[in-house]
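*Asks:* Here you go, this is start_33.tsv (TSV, C-alpha atoms and all ligand atoms).
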```tsv
chain	number	residue	atom	x	y	z
N	1	MET	CA	57.08	-8.73	-34.64
N	2	SER	CA	57.04	-7.57	-38.21
N	3	PHE	CA	59.04	-4.71	-39.68
N	4	THR	CA	55.81	-3.08	-40.79
N	5	LYS	CA	55.25	-2.23	-37.14
N	6	LEU	CA	58.76	-0.80	-36.79
N	7	PRO	CA	59.16	2.01	-39.34
N	8	ILE	CA	62.36	3.35	-37.74
N	9	ALA	CA	63.95	-0.09	-37.77
N	10	SER	CA	62.90	-0.46	-41.40
N	11	ILE	CA	64.51	2.83	-42.34
N	12	LEU	CA	67.74	1.89	-40.55
N	13	LEU	CA	67.72	-1.54	-42.14
N	14	GLY	CA	67.20	0.08	-45.54
N	15	THR	CA	70.23	2.29	-44.97
N	16	PHE	CA	72.41	-0.70	-44.16
N	17	LEU	CA	71.06	-2.67	-47.10
N	18	SER	CA	71.93	0.05	-49.58
N	19	SER	CA	75.38	0.92	-48.34
N	20	SER	CA	77.28	-2.14	-47.19
N	21	SER	CA	77.86	-5.81	-47.72
N	22	PHE	CA	74.23	-6.20	-46.65
N	23	ALA	CA	73.43	-4.97	-50.13
N	24	PHE	CA	74.38	-8.37	-51.43
N	25	PRO	CA	71.21	-10.31	-50.50
N	26	ILE	CA	69.14	-7.81	-52.50
N	27	PHE	CA	71.28	-8.29	-55.62
N	28	LEU	CA	71.35	-12.02	-55.06
N	29	LYS	CA	67.57	-12.05	-54.90
N	30	GLN	CA	67.39	-10.02	-58.13
N	31	PHE	CA	69.88	-12.43	-59.72
N	32	SER	CA	67.80	-15.47	-58.70
N	33	GLU	CA	64.54	-13.89	-59.82
N	34	HIS	CA	65.97	-12.84	-63.19
N	35	TYR	CA	67.22	-16.33	-63.97
N	36	ASP	CA	64.16	-18.09	-62.51
N	37	ALA	CA	62.07	-16.00	-64.91
N	38	ASN	CA	64.24	-17.33	-67.74
N	39	SER	CA	63.93	-21.01	-66.71
N	40	ILE	CA	67.52	-21.14	-65.41
N	41	ASP	CA	67.81	-22.67	-61.95
N	42	THR	CA	70.61	-20.90	-60.06
N	43	SER	CA	69.82	-22.34	-56.63
N	44	LYS	CA	72.97	-24.49	-56.47
N	45	LEU	CA	75.17	-21.60	-57.62
N	46	VAL	CA	73.64	-19.20	-55.11
N	47	GLU	CA	73.97	-21.75	-52.31
N	48	ASN	CA	77.57	-22.64	-53.15
N	49	GLN	CA	78.84	-19.14	-53.89
N	50	SER	CA	76.73	-16.92	-51.68
N	51	CYS	CA	78.54	-13.55	-51.45
N	52	ALA	CA	81.49	-14.95	-53.42
N	53	LEU	CA	79.32	-14.76	-56.54
N	54	CYS	CA	80.44	-11.11	-56.74
N	55	HIS	CA	83.05	-10.68	-53.99
N	56	ASN	CA	86.49	-12.14	-53.28
N	57	SER	CA	85.45	-12.83	-49.73
N	58	ALA	CA	82.86	-15.52	-49.10
N	59	GLY	CA	81.56	-13.32	-46.33
N	60	GLY	CA	80.79	-10.49	-48.76
N	61	GLY	CA	81.88	-6.87	-48.73
N	62	GLY	CA	85.38	-5.81	-49.71
N	63	PRO	CA	86.75	-6.11	-53.23
N	64	ARG	CA	84.57	-7.52	-55.96
N	65	ASN	CA	85.69	-10.38	-58.16
N	66	ALA	CA	85.63	-10.05	-61.95
N	67	TYR	CA	81.91	-10.82	-62.24
N	68	GLY	CA	81.19	-8.37	-59.42
N	69	GLU	CA	83.11	-5.70	-61.33
N	70	SER	CA	81.10	-6.42	-64.48
N	71	PHE	CA	77.93	-6.23	-62.42
N	72	LYS	CA	79.03	-2.92	-60.91
N	73	ALA	CA	79.87	-1.41	-64.30
N	74	GLY	CA	77.04	-2.78	-66.42
N	75	VAL	CA	74.12	-3.30	-64.07
N	76	LEU	CA	74.66	-0.72	-61.33
N	77	GLY	CA	76.68	1.82	-63.30
N	78	GLU	CA	74.74	1.84	-66.54
N	79	GLY	CA	71.43	0.77	-65.03
N	80	LYS	CA	71.08	-2.19	-67.35
N	81	GLY	CA	69.71	-5.63	-66.56
N	82	PHE	CA	71.69	-8.82	-66.04
N	83	ASP	CA	71.38	-9.36	-69.80
N	84	ALA	CA	73.99	-6.64	-70.30
N	85	ILE	CA	76.77	-8.77	-68.78
N	86	GLU	CA	75.67	-12.25	-69.85
N	87	PHE	CA	77.74	-12.44	-73.00
N	88	LEU	CA	80.95	-11.35	-71.29
N	89	ASP	CA	83.57	-13.76	-69.95
N	90	SER	CA	84.30	-11.79	-66.79
N	91	ASP	CA	86.74	-14.23	-65.20
N	92	GLY	CA	88.55	-15.06	-68.45
N	93	ASP	CA	88.10	-18.85	-68.26
N	94	SER	CA	86.79	-18.88	-71.88
N	95	PHE	CA	83.18	-19.52	-70.87
N	96	LEU	CA	80.61	-16.72	-71.02
N	97	ASN	CA	78.94	-15.58	-67.82
N	98	LEU	CA	75.60	-16.90	-69.06
N	99	GLU	CA	77.10	-20.32	-69.82
N	100	GLU	CA	78.60	-20.50	-66.34
N	101	ILE	CA	75.39	-19.34	-64.69
N	102	TYR	CA	73.41	-21.92	-66.67
N	103	LEU	CA	75.79	-24.67	-65.55
N	104	ASN	CA	76.08	-23.22	-62.02
N	105	THR	CA	79.84	-22.63	-62.08
N	106	ALA	CA	81.15	-19.31	-60.76
N	107	PRO	CA	81.29	-16.52	-63.38
N	108	GLY	CA	83.76	-14.56	-61.26
N	109	ASP	CA	86.20	-17.36	-60.39
N	110	ASN	CA	88.42	-18.84	-63.09
N	111	ASN	CA	89.24	-21.77	-60.79
N	112	ASP	CA	85.62	-22.86	-61.05
N	113	ALA	CA	84.87	-23.44	-64.71
N	114	PRO	CA	83.00	-25.88	-66.94
N	115	ALA	CA	85.00	-28.98	-67.94
N	116	ALA	CA	84.13	-29.02	-71.64
N	117	ARG	CA	82.45	-26.98	-74.33
N	118	ILE	CA	79.40	-28.04	-76.32
N	119	GLY	CA	79.65	-26.76	-79.88
N	120	ILE	CA	76.49	-25.17	-81.27
N	121	SER	CA	76.10	-23.90	-84.82
N	122	THR	CA	73.37	-23.40	-87.38
N	123	ILE	CA	73.28	-25.28	-90.62
N	124	SER	CA	70.61	-24.93	-93.33
N	125	GLY	CA	67.86	-23.78	-91.00
N	126	LYS	CA	68.73	-26.38	-88.39
N	127	VAL	CA	70.88	-26.28	-85.32
N	128	SER	CA	73.80	-28.63	-84.85
N	129	VAL	CA	74.85	-29.50	-81.31
N	130	SER	CA	78.15	-31.34	-80.84
N	131	LEU	CA	78.49	-33.08	-77.51
N	132	PRO	CA	82.07	-33.75	-76.36
N	133	VAL	CA	80.92	-36.38	-73.89
N	134	THR	CA	78.02	-38.74	-73.42
N	135	CYS	CA	75.40	-36.58	-71.80
N	136	THR	CA	73.49	-38.44	-69.13
N	137	ALA	CA	71.13	-35.48	-68.73
N	138	PHE	CA	71.15	-33.18	-71.75
N	139	GLU	CA	69.21	-29.93	-71.61
N	140	LEU	CA	68.76	-27.25	-74.24
N	141	LEU	CA	67.05	-23.91	-73.64
N	142	SER	CA	66.23	-21.45	-76.40
N	143	PHE	CA	65.14	-17.84	-76.23
N	144	GLY	CA	63.44	-16.08	-79.13
N	145	VAL	CA	63.77	-19.19	-81.28
N	146	LYS	CA	62.42	-22.72	-80.90
N	147	VAL	CA	64.37	-25.93	-81.22
N	148	GLU	CA	62.37	-29.05	-82.09
N	149	GLY	CA	59.29	-26.82	-81.67
N	150	SER	CA	60.02	-26.03	-78.04
N	151	ASN	CA	61.96	-23.63	-75.79
N	152	LYS	CA	63.19	-26.46	-73.60
N	153	LEU	CA	64.49	-29.82	-74.67
N	154	VAL	CA	65.56	-32.57	-72.27
N	155	LYS	CA	67.12	-35.87	-73.31
N	156	SER	CA	68.90	-38.71	-71.52
N	157	ASN	CA	72.11	-40.45	-72.53
N	158	VAL	CA	72.88	-38.67	-75.77
N	159	SER	CA	76.24	-38.34	-77.49
N	160	GLY	CA	77.84	-37.16	-80.71
N	161	THR	CA	76.28	-34.52	-82.93
N	162	GLN	CA	72.57	-33.76	-82.77
N	163	THR	CA	70.96	-32.01	-85.74
N	164	LEU	CA	67.74	-30.39	-84.56
N	165	ALA	CA	64.94	-28.38	-86.18
N	166	LEU	CA	65.23	-24.62	-85.64
N	167	ASP	CA	62.32	-22.16	-85.82
N	168	GLY	CA	63.26	-18.49	-85.90
N	169	THR	CA	66.37	-16.51	-86.75
N	170	LYS	CA	67.05	-14.22	-83.77
N	171	GLY	CA	67.65	-15.34	-80.21
N	172	ALA	CA	69.93	-17.44	-78.09
N	173	ILE	CA	70.47	-21.15	-77.50
N	174	LEU	CA	72.02	-22.70	-74.41
N	175	ALA	CA	72.90	-26.37	-73.98
N	176	LYS	CA	74.40	-28.29	-71.09
N	177	CYS	CA	75.34	-31.72	-69.83
N	178	GLY	CA	74.82	-31.18	-66.11
N	179	GLY	CA	76.52	-34.31	-64.83
N	180	GLU	CA	79.52	-33.96	-67.13
N	181	ASN	CA	79.99	-30.22	-66.59
N	182	ALA	CA	79.80	-29.32	-70.27
N	183	VAL	CA	78.05	-26.24	-71.64
N	184	GLY	CA	77.73	-24.16	-74.79
N	185	SER	CA	75.74	-21.30	-76.27
N	186	LEU	CA	74.94	-19.62	-79.53
N	187	LEU	CA	73.70	-16.06	-80.01
N	188	LEU	CA	71.65	-15.64	-83.19
N	189	LYS	CA	71.54	-12.02	-84.37
O	201	CA	CA	84.44	-19.33	-63.85
```
If you convert what's in this file into structure tokens, what do you get?

*Replies:*
Amino acid sequence: MSFTKLPIASILLGTFLSSSSFAFPIFLKQFSEHYDANSIDTSKLVENQSCALCHNSAGGGGPRNAYGESFKAGVLGEGKGFDAIEFLDSDGDSFLNLEEIYLNTAPGDNNDAPAARIGISTISGKVSVSLPVTCTAFELLSFGVKVEGSNKLVKSNVSGTQTLALDGTKGAILAKCGGENAVGSLLLK
């Protein structure tokens, strides 16, 4: 039986969803949809963290963790999108929330952090990416700018410093080595 045939049940369900730990699945869905729309697969993060993405308790409800507090202040409080809290390091592990989300480590848990940082800088109209490890599966996403003529670059078994063509001046670049747990980003203003 569908909820469309049970308006009272729908109303009651809506009340629970907006006022308790049941609110979480709605925000989790928004989180997944936002990052899916930006070519960032968060399925592993969502599966591993579930309610602990924003709460101290894996079961949800109760106190929020550092990312949950950022979400409460920036997204709920100020009515902004997830973008508003992406360039914060909520849990203080020295990696930005967006970097952690891209790598699928927990942005609200400083015991779950990337293992190494990928250095990204611009040099004479190009972008320089310094890999601290040999990347078995290197991926680079760019927003607003293009790298090597594309918004997504995938390479296998790369190491050292990559100097890549950059088109555009304003945007963001994310790079990761999924298997080696390394990530980096650059915001171009
Ligand atoms: Ca973390």

*Asks:* Given a cut-off of 10 Å, what residues near ligand CA 201 (chain O) show up using all atoms listed in the file, put as a ChimeraX atom specification?

*Replies:* /N:66-67,89-97,99-101,104-114

*Asks:* When distances are computed from all atoms listed in the file, which of N:Pro25, N:Gly77, N:Gly171, N:Gly184 shows the smallest separation from Arg117 (chain N)?

*Replies:*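 Nearest to Arg117 (chain N): N:Gly184.
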
*Asks:* Do you know which residues are at most 8 Å from Asn65 (chain N) counting only C-alpha atoms, after dropping those on the same chain fewer than 3 positions away, and could you put them as a count of residues only?

*Replies:* 9

*Asks:* For CA of Gln162 (chain N) and CA of Ser185 (chain N), determine how far apart the two atoms are, in Å to one decimal place.

*Replies:* 14.4 Å

*Asks:* Could you work out an axis-aligned bounding box for all listed atoms of region 63-81 of chain N, with 8 Å added on each of the six sides, and give its centre and edge lengths in Å to one decimal, as AutoDock Vina command-line options?

*Replies:*
```
--center_x 78.2 --center_y -4.5 --center_z -60.3 --size_x 33.0 --size_y 28.7 --size_z 30.1
```

*Asks:* With only C-alpha atoms as the counted atoms, please give the residues lying no more than 10 Å from Gly178 (chain N), apart from itself and same-chain residues fewer than 5 positions off, as a PDB file with C-alpha atoms, in the frame of the given file.

*Replies:*
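Below you can see part33.pdb, which holds the result:
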```pdb
ATOM      1  CA  TYR N 102      73.410 -21.920 -66.670  1.00  0.00           C
ATOM      2  CA  LEU N 103      75.790 -24.670 -65.550  1.00  0.00           C
ATOM      3  CA  ASN N 104      76.080 -23.220 -62.020  1.00  0.00           C
ATOM      4  CA  PRO N 114      83.000 -25.880 -66.940  1.00  0.00           C
ATOM      5  CA  CYS N 135      75.400 -36.580 -71.800  1.00  0.00           C
ATOM      6  CA  THR N 136      73.490 -38.440 -69.130  1.00  0.00           C
ATOM      7  CA  ALA N 137      71.130 -35.480 -68.730  1.00  0.00           C
ATOM      8  CA  PHE N 138      71.150 -33.180 -71.750  1.00  0.00           C
ATOM      9  CA  GLU N 139      69.210 -29.930 -71.610  1.00  0.00           C
ATOM     10  CA  VAL N 183      78.050 -26.240 -71.640  1.00  0.00           C
TER      11      VAL N 183
END
```

*Asks:* May I ask for the distance between CA of Thr42 (chain N) and CA of Ser159 (chain N), given in Å to one decimal place?

*Replies:*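 Rounded to one decimal, the two atoms are 25.3 Å apart.
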
*Asks:* Please identify all polymer residues within 12 Å of Gly74 (chain N), counting only C-alpha atoms, omitting same-chain residues fewer than 2 positions from it, and present them as number ranges by chain.

*Replies:* N: 67-72, 76-88, 90
